[in-house]
file target-v8.cif (mmCIF, C-alpha atoms)
data_run
#
loop_
_atom_site.label_atom_id
_atom_site.label_comp_id
_atom_site.auth_asym_id
_atom_site.auth_seq_id
_atom_site.Cartn_x
_atom_site.Cartn_y
_atom_site.Cartn_z
CA MET A 223 88.72 110.52 126.40
CA VAL A 224 90.06 107.59 124.35
CA ARG A 225 93.36 109.41 123.83
CA LYS A 226 93.71 109.89 127.59
CA MET A 227 93.16 106.19 128.22
CA VAL A 228 95.87 105.21 125.70
CA VAL A 229 98.30 107.65 127.28
CA LEU A 230 97.47 106.23 130.72
CA VAL A 231 98.18 102.64 129.55
CA LEU A 232 101.50 103.66 128.01
CA ALA A 233 102.44 105.52 131.15
CA CYS A 234 101.76 102.44 133.26
CA CYS A 235 104.00 100.35 131.00
CA VAL A 236 106.80 102.88 131.32
CA CYS A 237 106.44 102.88 135.09
CA LEU A 238 106.83 99.12 135.05
CA GLY A 239 110.04 99.47 133.01
CA LEU A 240 108.51 97.84 129.94
CA GLY A 241 108.12 100.73 127.52
CA ASN A 242 106.52 99.74 124.23
CA LEU A 243 108.35 96.39 124.03
CA SER A 244 105.87 94.38 126.05
CA LEU A 245 102.71 96.14 124.99
CA ALA A 246 100.44 93.50 123.43
CA LYS A 247 103.43 91.22 122.84
CA GLU A 248 103.48 87.45 122.96
CA LEU A 249 106.85 85.70 123.01
CA GLY A 250 107.11 82.14 121.77
CA VAL A 251 109.70 79.90 123.46
CA VAL A 252 110.71 76.28 122.88
CA VAL A 253 111.82 74.40 125.99
CA TYR A 254 113.44 71.00 125.50
CA GLN A 255 112.14 68.17 127.66
CA ASP A 256 114.90 65.78 128.74
CA ASN A 257 115.68 63.04 131.25
CA PRO A 258 117.59 65.26 133.72
CA GLY A 259 114.42 67.36 133.86
CA GLN A 260 115.94 70.79 133.18
CA HIS A 261 112.67 71.74 131.48
CA VAL A 262 110.96 71.90 134.89
CA PRO A 263 113.01 74.76 136.41
CA THR A 264 113.49 76.32 132.96
CA THR A 265 109.74 76.59 132.48
CA GLU A 266 109.42 78.11 135.93
CA LEU A 267 112.10 80.68 135.09
CA VAL A 268 110.45 81.61 131.79
CA GLU A 269 107.11 82.09 133.52
CA GLN A 270 108.75 84.08 136.31
CA TRP A 271 110.44 86.35 133.75
CA ALA A 272 107.14 86.82 131.92
CA THR A 273 105.39 87.85 135.13
CA GLU A 274 108.13 90.33 136.00
CA LYS A 275 108.05 91.86 132.51
CA GLY A 276 104.31 91.73 132.03
CA VAL A 277 104.76 89.70 128.86
CA LYS A 278 102.65 86.80 127.68
CA VAL A 279 104.73 83.74 126.82
CA ASN A 280 103.72 80.79 124.73
CA ILE A 281 105.88 77.86 125.85
CA THR A 282 106.23 74.88 123.51
CA THR A 283 107.67 71.82 125.22
CA ALA A 284 109.57 69.73 122.71
CA GLY A 285 111.13 66.30 123.00
CA HIS A 286 113.56 64.41 120.82
CA ALA A 287 110.80 63.19 118.51
CA ASN A 288 109.19 66.53 117.61
CA ARG A 289 111.83 69.19 118.27
CA ARG A 290 113.26 69.35 114.73
CA THR A 291 109.79 69.54 113.19
CA ILE A 292 108.96 72.50 115.40
CA ILE A 293 112.13 74.45 114.62
CA THR A 294 112.15 73.76 110.87
CA THR A 295 108.50 74.82 110.64
CA ALA A 296 109.29 78.03 112.53
CA LEU A 297 112.35 78.84 110.43
CA GLU A 298 110.86 77.96 107.06
CA GLY A 299 107.43 79.47 107.72
CA GLY A 300 108.61 82.59 109.51
CA THR A 301 106.07 82.10 112.28
CA GLY A 302 105.93 80.29 115.58
CA PRO A 303 108.39 80.40 118.48
CA ASP A 304 110.81 83.33 118.63
CA ILE A 305 113.31 81.39 120.72
CA ILE A 306 114.15 77.88 119.53
CA ILE A 307 116.31 75.14 120.99
CA LEU A 308 118.95 73.54 118.79
CA ALA A 309 121.00 70.37 119.27
CA ASP A 310 124.60 69.65 118.34
CA TYR A 311 125.56 71.03 114.90
CA GLU A 312 122.19 72.63 114.17
CA PRO A 313 123.31 76.26 114.75
CA HIS A 314 125.50 75.74 111.66
CA LEU A 315 122.79 73.88 109.78
CA TYR A 316 120.20 76.63 110.26
CA ALA A 317 122.56 79.63 110.51
CA GLU A 318 120.94 81.65 107.73
CA GLY A 319 117.65 81.84 109.61
CA LEU A 320 119.17 82.76 112.98
CA LEU A 321 119.81 86.14 114.58
CA ASP A 322 123.33 87.34 115.37
CA LEU A 323 123.76 86.86 119.14
CA SER A 324 127.42 87.90 119.37
CA ASP A 325 126.59 90.74 121.78
CA LEU A 326 124.88 88.34 124.20
CA ALA A 327 127.61 85.72 123.84
CA GLN A 328 130.30 88.24 124.74
CA LYS A 329 128.39 89.55 127.74
CA ILE A 330 127.48 86.11 129.09
CA GLY A 331 131.00 84.78 128.58
CA GLN A 332 132.63 87.72 130.35
CA GLU A 333 130.31 87.39 133.33
CA ASN A 334 130.71 83.62 133.74
CA GLY A 335 134.37 82.72 133.32
CA GLY A 336 134.30 82.27 129.56
CA TRP A 337 132.79 79.62 127.29
CA TYR A 338 134.19 76.11 127.12
CA PRO A 339 135.92 75.62 123.73
CA ILE A 340 133.32 73.07 122.68
CA ALA A 341 130.55 75.62 123.31
CA GLU A 342 132.26 78.19 121.11
CA GLN A 343 132.69 75.62 118.34
CA ILE A 344 128.98 74.88 118.45
CA GLY A 345 127.57 78.40 118.80
CA ASN A 346 130.01 80.46 116.71
CA VAL A 347 129.36 80.12 112.99
CA GLN A 348 132.18 81.60 110.89
CA GLY A 349 132.88 84.32 113.42
CA THR A 350 129.27 85.09 114.35
CA TRP A 351 127.46 83.67 117.35
CA LYS A 352 124.23 82.22 115.99
CA ALA A 353 123.28 80.33 119.14
CA LEU A 354 124.08 80.25 122.83
CA PRO A 355 125.00 76.74 124.03
CA ILE A 356 123.48 76.30 127.44
CA TYR A 357 124.02 72.62 128.34
CA ILE A 358 126.61 70.03 127.32
CA TYR A 359 125.44 66.51 128.07
CA MET A 360 128.49 64.26 128.04
CA HIS A 361 128.63 60.63 126.95
CA LEU A 362 130.12 58.66 129.84
CA MET A 363 131.24 55.17 130.78
CA MET A 364 128.90 53.26 133.10
CA TYR A 365 130.20 50.25 135.01
CA ARG A 366 129.30 47.80 137.77
CA ARG A 367 131.50 48.31 140.84
CA ASP A 368 130.58 44.93 142.33
CA ILE A 369 131.47 43.08 139.12
CA LEU A 370 134.88 44.76 138.94
CA GLN A 371 135.49 43.87 142.57
CA SER A 372 134.51 40.25 142.00
CA VAL A 373 137.09 39.85 139.20
CA GLY A 374 139.75 41.93 140.97
CA ALA A 375 139.85 44.66 138.33
CA ALA A 376 140.18 48.43 138.54
CA VAL A 377 138.11 50.89 136.52
CA PRO A 378 139.73 50.84 133.05
CA ASP A 379 141.58 54.04 132.15
CA SER A 380 142.60 53.14 128.58
CA TRP A 381 141.00 51.22 125.73
CA ASN A 382 143.54 48.44 126.24
CA ASP A 383 142.53 48.28 129.90
CA PHE A 384 138.88 48.25 128.87
CA ARG A 385 139.30 45.18 126.70
CA ASP A 386 141.35 43.41 129.41
CA VAL A 387 138.63 44.01 131.99
CA LEU A 388 135.91 42.73 129.66
CA GLN A 389 137.97 39.60 129.09
CA LYS A 390 138.32 39.06 132.85
CA ILE A 391 134.57 39.32 133.27
CA LYS A 392 133.97 36.81 130.48
CA ASN A 393 136.59 34.41 131.85
CA ALA A 394 135.02 34.57 135.32
CA GLY A 395 131.91 32.87 133.99
CA LEU A 396 129.58 35.34 135.68
CA ASN A 397 125.92 35.51 134.76
CA ILE A 398 126.37 38.84 133.02
CA GLN A 399 127.51 40.08 129.61
CA PRO A 400 130.74 42.11 129.87
CA PHE A 401 129.60 44.99 127.64
CA GLY A 402 126.65 46.25 125.67
CA VAL A 403 125.88 49.27 123.50
CA SER A 404 124.02 49.53 120.22
CA TYR A 405 126.08 48.39 117.24
CA GLY A 406 123.36 49.56 114.85
CA ARG A 407 121.96 52.94 113.81
CA SER A 408 121.87 54.84 117.08
CA PHE A 409 123.46 57.86 118.68
CA ASP A 410 124.93 55.85 121.58
CA GLY A 411 126.67 53.43 119.22
CA GLN A 412 127.89 56.20 116.96
CA GLN A 413 129.21 58.28 119.87
CA PHE A 414 131.05 55.22 121.19
CA LEU A 415 132.67 54.49 117.82
CA ILE A 416 133.55 58.13 117.13
CA SER A 417 135.23 58.47 120.52
CA ARG A 418 137.27 55.33 119.86
CA ILE A 419 138.34 56.58 116.42
CA LEU A 420 139.31 60.08 117.56
CA SER A 421 141.15 58.88 120.65
CA GLY A 422 143.34 56.71 118.43
CA GLY A 423 144.23 59.56 116.09
CA GLY A 424 141.61 59.07 113.38
CA ARG A 425 140.15 62.15 111.72
CA VAL A 426 137.41 63.01 109.25
CA LEU A 427 138.89 66.13 107.62
CA SER A 428 142.39 67.51 107.17
CA GLU A 429 143.54 70.46 109.29
CA ASP A 430 142.50 72.95 106.61
CA GLY A 431 139.14 71.21 106.13
CA LYS A 432 139.70 70.77 102.40
CA LYS A 433 140.18 67.02 102.26
CA VAL A 434 138.55 63.90 103.71
CA VAL A 435 141.24 61.91 105.56
CA PHE A 436 138.95 59.38 107.22
CA ASP A 437 140.40 56.44 105.31
CA SER A 438 143.47 55.94 107.48
CA PRO A 439 145.21 53.16 109.43
CA GLU A 440 144.05 54.81 112.67
CA THR A 441 140.37 54.65 111.65
CA VAL A 442 140.72 51.05 110.47
CA ALA A 443 142.39 50.05 113.75
CA ALA A 444 139.60 51.64 115.80
CA LEU A 445 136.89 49.90 113.77
CA GLN A 446 138.79 46.61 114.06
CA TYR A 447 138.90 47.06 117.85
CA VAL A 448 135.13 47.53 118.07
CA VAL A 449 134.40 44.62 115.74
CA ASP A 450 136.79 42.33 117.62
CA LEU A 451 134.99 43.02 120.89
CA TYR A 452 131.88 41.56 119.28
CA ARG A 453 133.55 38.64 117.56
CA ASP A 454 135.44 37.67 120.72
CA GLY A 455 132.23 37.43 122.73
CA LEU A 456 132.90 40.47 124.93
CA VAL A 457 129.70 42.22 123.81
CA ASP A 458 126.09 41.15 124.23
CA PRO A 459 125.39 39.15 121.04
CA THR A 460 122.13 41.02 120.31
CA VAL A 461 123.63 44.55 120.08
CA LEU A 462 123.20 44.76 116.29
CA GLY A 463 119.48 45.10 116.93
CA TRP A 464 119.68 47.52 119.85
CA ASP A 465 118.49 51.12 119.81
CA ASP A 466 119.36 54.05 122.07
CA GLY A 467 117.18 52.77 124.88
CA THR A 468 118.21 49.13 124.95
CA ASN A 469 121.51 49.62 126.76
CA ASN A 470 119.67 51.59 129.47
CA GLN A 471 117.35 48.65 130.03
CA ALA A 472 120.20 46.13 129.88
CA MET A 473 122.29 48.01 132.45
CA LEU A 474 119.41 48.54 134.86
CA SER A 475 118.24 44.93 134.58
CA GLY A 476 121.72 43.60 135.40
CA ARG A 477 122.30 42.12 131.95
CA ILE A 478 125.57 43.97 131.18
CA ALA A 479 128.53 45.18 133.26
CA PHE A 480 129.61 48.12 131.04
CA THR A 481 128.00 50.56 128.66
CA PHE A 482 128.39 54.09 127.31
CA ASN A 483 125.52 56.49 127.71
CA GLY A 484 124.35 59.85 128.90
CA PHE A 485 123.61 60.18 132.61
CA SER A 486 120.01 59.00 132.36
CA ILE A 487 120.90 55.46 133.48
CA LYS A 488 122.35 56.66 136.77
CA MET A 489 119.42 59.00 137.35
CA GLN A 490 116.91 56.20 136.87
CA ALA A 491 118.95 53.88 139.08
CA GLU A 492 118.81 56.37 141.95
CA LYS A 493 115.07 56.69 141.54
CA ASP A 494 113.89 53.17 140.73
CA PHE A 495 116.73 50.71 141.47
CA PRO A 496 117.97 51.40 145.01
CA ASP A 497 119.73 48.04 145.28
CA LEU A 498 121.65 48.48 142.03
CA ASN A 499 122.44 52.17 142.36
CA PRO A 500 125.40 51.97 144.83
CA ASN A 501 127.12 49.53 142.47
CA LEU A 502 126.58 51.66 139.36
CA GLY A 503 129.66 53.80 138.79
CA VAL A 504 130.13 56.57 136.23
CA THR A 505 133.35 58.00 134.81
CA VAL A 506 134.91 59.52 131.69
CA TYR A 507 135.69 57.53 128.55
CA PRO A 508 138.92 55.49 128.36
CA LYS A 509 141.89 57.16 126.70
CA GLY A 510 143.28 55.97 123.39
CA GLU A 511 146.67 55.86 121.79
CA VAL A 512 146.65 59.64 121.22
CA THR A 513 144.13 61.27 123.56
CA ARG A 514 140.91 60.83 125.55
CA VAL A 515 137.65 61.83 123.87
CA CYS A 516 134.16 62.08 125.34
CA PHE A 517 131.45 62.83 122.82
CA PRO A 518 129.13 65.76 123.66
CA PHE A 519 125.44 66.36 123.09
CA THR A 520 124.72 70.09 123.21
CA LEU A 521 121.61 72.19 123.57
CA SER A 522 121.69 75.79 122.38
CA TYR A 523 119.20 78.64 122.37
CA ALA A 524 118.75 80.71 119.22
CA ILE A 525 116.42 83.48 118.04
CA ARG A 526 114.69 83.51 114.66
CA LYS A 527 116.20 86.23 112.50
CA ASP A 528 112.72 87.34 111.42
CA SER A 529 111.34 87.50 114.97
CA GLN A 530 109.27 90.59 115.73
CA ASN A 531 110.22 90.38 119.40
CA VAL A 532 114.01 90.47 119.27
CA ASP A 533 114.57 92.71 122.30
CA LEU A 534 112.28 90.64 124.49
CA ALA A 535 113.82 87.40 123.28
CA LYS A 536 117.33 88.65 124.04
CA ASP A 537 116.24 89.80 127.47
CA LEU A 538 114.82 86.36 128.28
CA LEU A 539 118.03 84.62 127.19
CA LEU A 540 120.10 86.90 129.41
CA TYR A 541 117.71 86.04 132.23
CA LEU A 542 118.16 82.28 131.73
CA PHE A 543 121.97 82.67 131.75
CA LYS A 544 121.87 84.88 134.85
CA LYS A 545 124.10 83.29 137.49
CA GLU A 546 121.46 82.48 140.08
CA ASN A 547 119.03 81.19 137.45
CA TYR A 548 121.62 79.00 135.76
CA GLU A 549 122.63 77.60 139.13
CA LYS A 550 118.98 76.86 139.91
CA VAL A 551 118.76 74.55 136.91
CA LEU A 552 122.13 72.94 137.67
CA SER A 553 121.06 72.31 141.25
CA TYR A 554 117.73 70.80 140.14
CA THR A 555 119.49 68.37 137.76
CA ARG A 556 122.54 67.94 140.05
CA GLY A 557 124.68 68.88 137.09
CA ALA A 558 123.49 66.07 134.83
CA THR A 559 122.96 68.62 132.06
CA GLY A 560 126.61 69.66 132.11
CA VAL A 561 127.68 73.27 131.66
CA SER A 562 128.84 75.44 128.78
CA LEU A 563 130.53 78.16 130.87
CA GLN A 564 133.73 77.64 132.81
CA GLY A 565 132.69 79.85 135.70
CA PHE A 566 130.31 77.17 136.94
CA ALA A 567 133.01 74.51 137.33
CA SER A 568 133.84 75.55 140.89
CA LEU A 569 130.38 75.12 142.39
CA PRO A 570 130.33 73.06 145.64
CA MET A 571 127.69 70.75 144.16
CA TRP A 572 130.29 69.04 141.97
CA GLN A 573 132.10 67.71 145.05
CA GLU A 574 129.08 66.00 146.56
CA ASP A 575 129.22 62.79 144.50
CA PRO A 576 132.06 61.56 142.23
CA ASP A 577 129.58 59.82 139.94
CA TRP A 578 127.68 63.02 139.25
CA LYS A 579 130.90 65.01 138.94
CA ALA A 580 131.75 62.86 135.92
CA ASN A 581 129.45 65.18 133.97
CA LEU A 582 131.88 68.02 134.67
CA ASP A 583 135.08 65.98 134.44
CA ALA A 584 134.24 64.91 130.89
CA ILE A 585 133.69 68.38 129.40
CA PRO A 586 137.41 69.21 128.88
CA TYR A 587 137.61 66.03 126.76
CA ALA A 588 134.67 67.01 124.56
CA GLN A 589 135.64 66.91 120.91
CA LEU A 590 133.74 67.13 117.66
CA PHE A 591 134.60 64.64 114.91
CA ALA A 592 134.72 67.44 112.33
CA PRO A 593 134.24 71.22 112.22
CA PRO A 594 130.56 72.12 112.56
CA SER A 595 128.78 72.59 109.25
CA ALA A 596 125.66 71.47 107.43
CA ALA A 597 127.73 68.69 105.85
CA THR A 598 129.02 67.51 109.23
CA ALA A 599 125.45 67.44 110.50
CA GLU A 600 124.48 65.27 107.52
CA VAL A 601 127.34 62.85 108.18
CA TYR A 602 126.32 62.53 111.81
CA ASN A 603 122.54 62.41 111.39
CA GLY A 604 122.93 59.98 108.49
CA TYR A 605 124.84 57.47 110.66
CA VAL A 606 127.66 57.33 108.10
CA ILE A 607 130.22 56.36 110.74
CA VAL A 608 128.32 53.79 112.80
CA ASP A 609 127.09 52.06 109.63
CA MET A 610 130.65 50.76 109.22
CA ILE A 611 130.01 48.23 111.99
CA ALA A 612 127.12 46.62 110.11
CA ASP A 613 129.15 46.77 106.91
CA VAL A 614 131.68 44.46 108.57
CA LEU A 615 129.51 42.24 110.77
CA VAL A 616 126.43 41.96 108.53
CA ARG A 617 127.56 42.78 104.99
CA ASP A 618 130.90 40.96 105.27
CA LEU A 619 133.09 43.87 104.26
CA SER A 620 136.57 44.05 105.69
CA PRO A 621 137.28 46.95 108.08
CA GLU A 622 139.41 48.50 105.32
CA GLN A 623 136.54 48.26 102.84
CA ALA A 624 134.02 49.64 105.34
CA VAL A 625 136.22 52.63 106.14
CA LYS A 626 136.80 53.32 102.44
CA LYS A 627 133.05 53.17 101.79
CA ALA A 628 132.35 55.63 104.60
CA ALA A 629 135.12 57.95 103.38
CA GLN A 630 133.63 57.96 99.88
CA ARG A 631 130.23 58.89 101.31
CA MET A 632 131.88 61.73 103.22
CA GLU A 633 133.51 62.94 99.99
CA GLU A 634 130.04 63.15 98.45
CA ILE A 635 128.58 65.03 101.39
CA TYR A 636 131.42 67.50 101.95
CA PHE A 637 132.64 68.12 98.42
CA GLY A 638 130.09 66.59 96.04
CA LYS A 639 132.62 64.12 94.72
CA GLY A 640 131.31 60.87 93.31
CA LYS A 641 127.86 62.30 92.54
CA GLU A 642 126.59 62.01 88.99
#
call {"tool": "encode", "arguments": {"input": "target-v8.cif", "output": "structure tokens"}}
result
Amino acid sequence: MVRKMVVLVLACCVCLGLGNLSLAKELGVVVYQDNPGQHVPTTELVEQWATEKGVKVNITTAGHANRRTIITTALEGGTGPDIIILADYEPHLYAEGLLDLSDLAQKIGQENGGWYPIAEQIGNVQGTWKALPIYIYMHLMMYRRDILQSVGAAVPDSWNDFRDVLQKIKNAGLNIQPFGVSYGRSFDGQQFLISRILSGGGRVLSEDGKKVVFDSPETVAALQYVVDLYRDGLVDPTVLGWDDGTNNQAMLSGRIAFTFNGFSIKMQAEKDFPDLNPNLGVTVYPKGEVTRVCFPFTLSYAIRKDSQNVDLAKDLLLYLFKKENYEKVLSYTRGATGVSLQGFASLPMWQEDPDWKANLDAIPYAQLFAPPSAATAEVYNGYVIVDMIADVLVRDLSPEQAVKKAAQRMEEIYFGKGKE
């Protein structure tokens, strides 16, 4: 009698198209909670998939503060969520503990117009896809339309234009600081400085990746530019003490006319500052002497290599990248998450509002400051680059000395040079 009951249960699973995969299985999934709110439709999609498959899912909602703790615990302990969410260079940092997803990457890319180059750089680790980049949040330039109109200036297209416009705002004697972004240890400040350096021709590593070339006239000139903005009174004088949230508050309170940030400022303006919102414009970064660079923040899905639910985890990832499901999330966030696949660049939603379309316009200018690796992640997460600003403005180093110091730290991180 017991044997008949087991056979009956298995038969029911087969009829449902589940086979043995979903029998008594529980799939753990990490969903990242962000300002655009993509976690809301993503959670709905995961739950919908689970219902269709008859699988129990354990969803862990992670934010910026606890996400890395969750994934490192899962990877080091071999338990916990099967599907984890990684940011920026982390697919390269944790590659050894991640499953090969090359089959999924090829299928998803072929079905959706191909991956953006930046997505392939992030997800492909030495020829093997270790993660699937799903969203590319671009750093953008925020500006006050009414302030530009009052000083008779156009939206700056180059870094030279940018400085000229800030000077016009200062000279006009308006009750507003021309510019503000963190000049201390922060991602906003570091993304701003990196974009300025790269757009002027500065580099971290040589073409073959075997030498640190950060100490260059181009890097020094970019750092000098940023420092001069502060010394010439074109930046809010308190920026050395700002964090990643201060420029949001300053822009929304009407304290500054320009900043660089993700799209969260515009989203909050639409929701909570209806008088300010029409005057808050968004566009790509200014171009430099060599190119235009917008710094990306990426989110990627990966599967633990030691997961006991690999087939189910792969099936869920394919479901999340399914055209109609991906579009559902984009529609919910109005594209504020950005996209990793070129096939979604032609959606009608991008034409509805030029400000929101900036999220798409910036992706072709996405550029990493160095090839992804554990060392590159250490340079970035250790604020090696943005610390140069404090070295000049607080520690009284010259820009040349600050760049040399940063380059020496990079030598230690990439090649172990200088360590005892």
call {"tool": "closest_residue", "arguments": {"input": "target-v8.cif", "among": "A:Asp533, A:Asp494, A:Glu600, A:Asp613", "to": "A:Leu323", "atoms": "all atoms listed in the file"}}
result
A:Asp533
call {"tool": "closest_residue", "arguments": {"input": "target-v8.cif", "among": "A:Arg418, A:His261, A:His286, A:Lys536", "to": "A:Ile330", "atoms": "all atoms listed in the file"}}
result
A:Lys536
call {"tool": "closest_residue", "arguments": {"input": "target-v8.cif", "among": "A:Leu552, A:Leu456, A:Val277, A:Ile487", "to": "A:Gln471", "atoms": "all atoms listed in the file"}}
result
A:Ile487
call {"tool": "resolve_selection", "arguments": {"input": "target-v8.cif", "expression": "the PyMOL selection byres ((chain A and resi 444) around 10)", "output": "number ranges by chain"}}
result
A: 415-424, 439-443, 445-450, 510, 621
call {"tool": "resolve_selection", "arguments": {"input": "target-v8.cif", "expression": "the PyMOL selection byres ((chain A and resi 467) around 10)", "output": "compact mmCIF listing (two decimals) with C-alpha atoms, in the coordinates of the input"}}
result
# COMPACT_ATOMS: atom_id res chain seq x y z
CA VAL A 403 125.88 49.27 123.50
CA SER A 404 124.02 49.53 120.22
CA SER A 408 121.87 54.84 117.08
CA ASP A 410 124.93 55.85 121.58
CA TRP A 464 119.68 47.52 119.85
CA ASP A 465 118.49 51.12 119.81
CA ASP A 466 119.36 54.05 122.07
CA THR A 468 118.21 49.13 124.95
CA ASN A 469 121.51 49.62 126.76
CA ASN A 470 119.67 51.59 129.47
CA GLN A 471 117.35 48.65 130.03
CA ALA A 472 120.20 46.13 129.88
CA ASN A 483 125.52 56.49 127.71
CA ILE A 487 120.90 55.46 133.48
call {"tool": "resolve_selection", "arguments": {"input": "target-v8.cif", "expression": "the PyMOL selection byres ((chain A and resi 608) around 10)", "output": "compact mmCIF listing (two decimals) with C-alpha atoms, in the coordinates of the input"}}
result
# COMPACT_ATOMS: atom_id res chain seq x y z
CA SER A 404 124.02 49.53 120.22
CA TYR A 405 126.08 48.39 117.24
CA GLY A 406 123.36 49.56 114.85
CA ARG A 407 121.96 52.94 113.81
CA SER A 408 121.87 54.84 117.08
CA PHE A 409 123.46 57.86 118.68
CA ASP A 410 124.93 55.85 121.58
CA GLY A 411 126.67 53.43 119.22
CA GLN A 412 127.89 56.20 116.96
CA GLN A 413 129.21 58.28 119.87
CA PHE A 414 131.05 55.22 121.19
CA LEU A 415 132.67 54.49 117.82
CA ILE A 416 133.55 58.13 117.13
CA LEU A 445 136.89 49.90 113.77
CA TYR A 602 126.32 62.53 111.81
CA GLY A 604 122.93 59.98 108.49
CA TYR A 605 124.84 57.47 110.66
CA VAL A 606 127.66 57.33 108.10
CA ILE A 607 130.22 56.36 110.74
CA ASP A 609 127.09 52.06 109.63
CA MET A 610 130.65 50.76 109.22
CA ILE A 611 130.01 48.23 111.99
CA ALA A 612 127.12 46.62 110.11
CA ASP A 613 129.15 46.77 106.91
CA ALA A 628 132.35 55.63 104.60
call {"tool": "residues_around", "arguments": {"input": "target-v8.cif", "residues": "A:Asp537", "least_positions_apart": "6", "cutoff": "10 Å", "atoms": "all atoms listed in the file", "output": "list in words"}}
result
Trp271, Lys275 and Leu326 of chain A
call {"tool": "residues_around", "arguments": {"input": "target-v8.cif", "residues": "A:Ser553", "least_positions_apart": "2", "cutoff": "10 Å", "atoms": "all atoms listed in the file", "output": "list in words"}}
result
Gln260, Pro263, Asn547, Tyr548, Glu549, Lys550, Val551, Thr555, Arg556, Gly557, Ala558, Leu569, Met571 and Trp572 of chain A
call {"tool": "atom_distance", "arguments": {"input": "target-v8.cif", "atom1": "atom CA of A:Asp386", "atom2": "atom CA of A:Arg453"}}
result
15.0 Å
call {"tool": "closest_residue", "arguments": {"input": "target-v8.cif", "among": "A:Ala580, A:Ile281, A:Ala629, A:Leu462", "to": "A:Met363", "atoms": "only C-alpha atoms"}}
result
A:Ala580
call {"tool": "closest_residue", "arguments": {"input": "target-v8.cif", "among": "A:Gly560, A:Gly276, A:Gly259, A:Gly374", "to": "A:Lys390", "atoms": "only C-alpha atoms"}}
result
A:Gly374
call {"tool": "closest_residue", "arguments": {"input": "target-v8.cif", "among": "A:Ala599, A:Ala592, A:Leu451, A:Leu267", "to": "A:Asp430", "atoms": "only C-alpha atoms"}}
result
A:Ala592
call {"tool": "atom_distance", "arguments": {"input": "target-v8.cif", "atom1": "atom CA of A:Met489", "atom2": "atom CA of A:Asn581"}}
result
12.3 Å
call {"tool": "build_atoms", "arguments": {"input": "target-v8.cif", "residues": "stretch 449-463 of chain A", "atoms": "N, CA and C atoms", "output": "PDB file, in the frame of the given file"}}
result
ATOM      1  N   VAL A 449     134.890  45.868 116.329  1.00  0.00           N
ATOM      2  CA  VAL A 449     134.400  44.620 115.740  1.00  0.00           C
ATOM      3  C   VAL A 449     134.930  43.411 116.498  1.00  0.00           C
ATOM      4  N   ASP A 450     136.189  43.454 116.894  1.00  0.00           N
ATOM      5  CA  ASP A 450     136.790  42.330 117.620  1.00  0.00           C
ATOM      6  C   ASP A 450     136.119  42.112 118.977  1.00  0.00           C
ATOM      7  N   LEU A 451     135.708  43.179 119.625  1.00  0.00           N
ATOM      8  CA  LEU A 451     134.990  43.020 120.890  1.00  0.00           C
ATOM      9  C   LEU A 451     133.766  42.136 120.694  1.00  0.00           C
ATOM     10  N   TYR A 452     133.081  42.351 119.583  1.00  0.00           N
ATOM     11  CA  TYR A 452     131.880  41.560 119.280  1.00  0.00           C
ATOM     12  C   TYR A 452     132.246  40.127 118.921  1.00  0.00           C
ATOM     13  N   ARG A 453     133.191  39.969 118.033  1.00  0.00           N
ATOM     14  CA  ARG A 453     133.550  38.640 117.560  1.00  0.00           C
ATOM     15  C   ARG A 453     134.182  37.760 118.641  1.00  0.00           C
ATOM     16  N   ASP A 454     134.793  38.417 119.631  1.00  0.00           N
ATOM     17  CA  ASP A 454     135.440  37.670 120.720  1.00  0.00           C
ATOM     18  C   ASP A 454     134.492  37.428 121.890  1.00  0.00           C
ATOM     19  N   GLY A 455     133.224  37.727 121.709  1.00  0.00           N
ATOM     20  CA  GLY A 455     132.230  37.430 122.730  1.00  0.00           C
ATOM     21  C   GLY A 455     132.290  38.326 123.954  1.00  0.00           C
ATOM     22  N   LEU A 456     132.815  39.548 123.801  1.00  0.00           N
ATOM     23  CA  LEU A 456     132.900  40.470 124.930  1.00  0.00           C
ATOM     24  C   LEU A 456     131.734  41.458 124.948  1.00  0.00           C
ATOM     25  N   VAL A 457     130.858  41.344 123.956  1.00  0.00           N
ATOM     26  CA  VAL A 457     129.700  42.220 123.810  1.00  0.00           C
ATOM     27  C   VAL A 457     128.443  41.360 123.766  1.00  0.00           C
ATOM     28  N   ASP A 458     127.360  41.852 124.323  1.00  0.00           N
ATOM     29  CA  ASP A 458     126.090  41.150 124.230  1.00  0.00           C
ATOM     30  C   ASP A 458     125.817  40.816 122.759  1.00  0.00           C
ATOM     31  N   PRO A 459     125.517  39.570 122.442  1.00  0.00           N
ATOM     32  CA  PRO A 459     125.390  39.150 121.040  1.00  0.00           C
ATOM     33  C   PRO A 459     124.221  39.775 120.284  1.00  0.00           C
ATOM     34  N   THR A 460     123.312  40.455 120.984  1.00  0.00           N
ATOM     35  CA  THR A 460     122.130  41.020 120.310  1.00  0.00           C
ATOM     36  C   THR A 460     122.284  42.501 119.988  1.00  0.00           C
ATOM     37  N   VAL A 461     123.480  43.084 120.194  1.00  0.00           N
ATOM     38  CA  VAL A 461     123.630  44.550 120.080  1.00  0.00           C
ATOM     39  C   VAL A 461     123.377  45.093 118.684  1.00  0.00           C
ATOM     40  N   LEU A 462     123.474  44.276 117.644  1.00  0.00           N
ATOM     41  CA  LEU A 462     123.200  44.760 116.290  1.00  0.00           C
ATOM     42  C   LEU A 462     121.756  45.209 116.132  1.00  0.00           C
ATOM     43  N   GLY A 463     120.889  44.719 116.994  1.00  0.00           N
ATOM     44  CA  GLY A 463     119.480  45.100 116.930  1.00  0.00           C
ATOM     45  C   GLY A 463     119.063  46.091 117.998  1.00  0.00           C
TER      46      GLY A 463
END
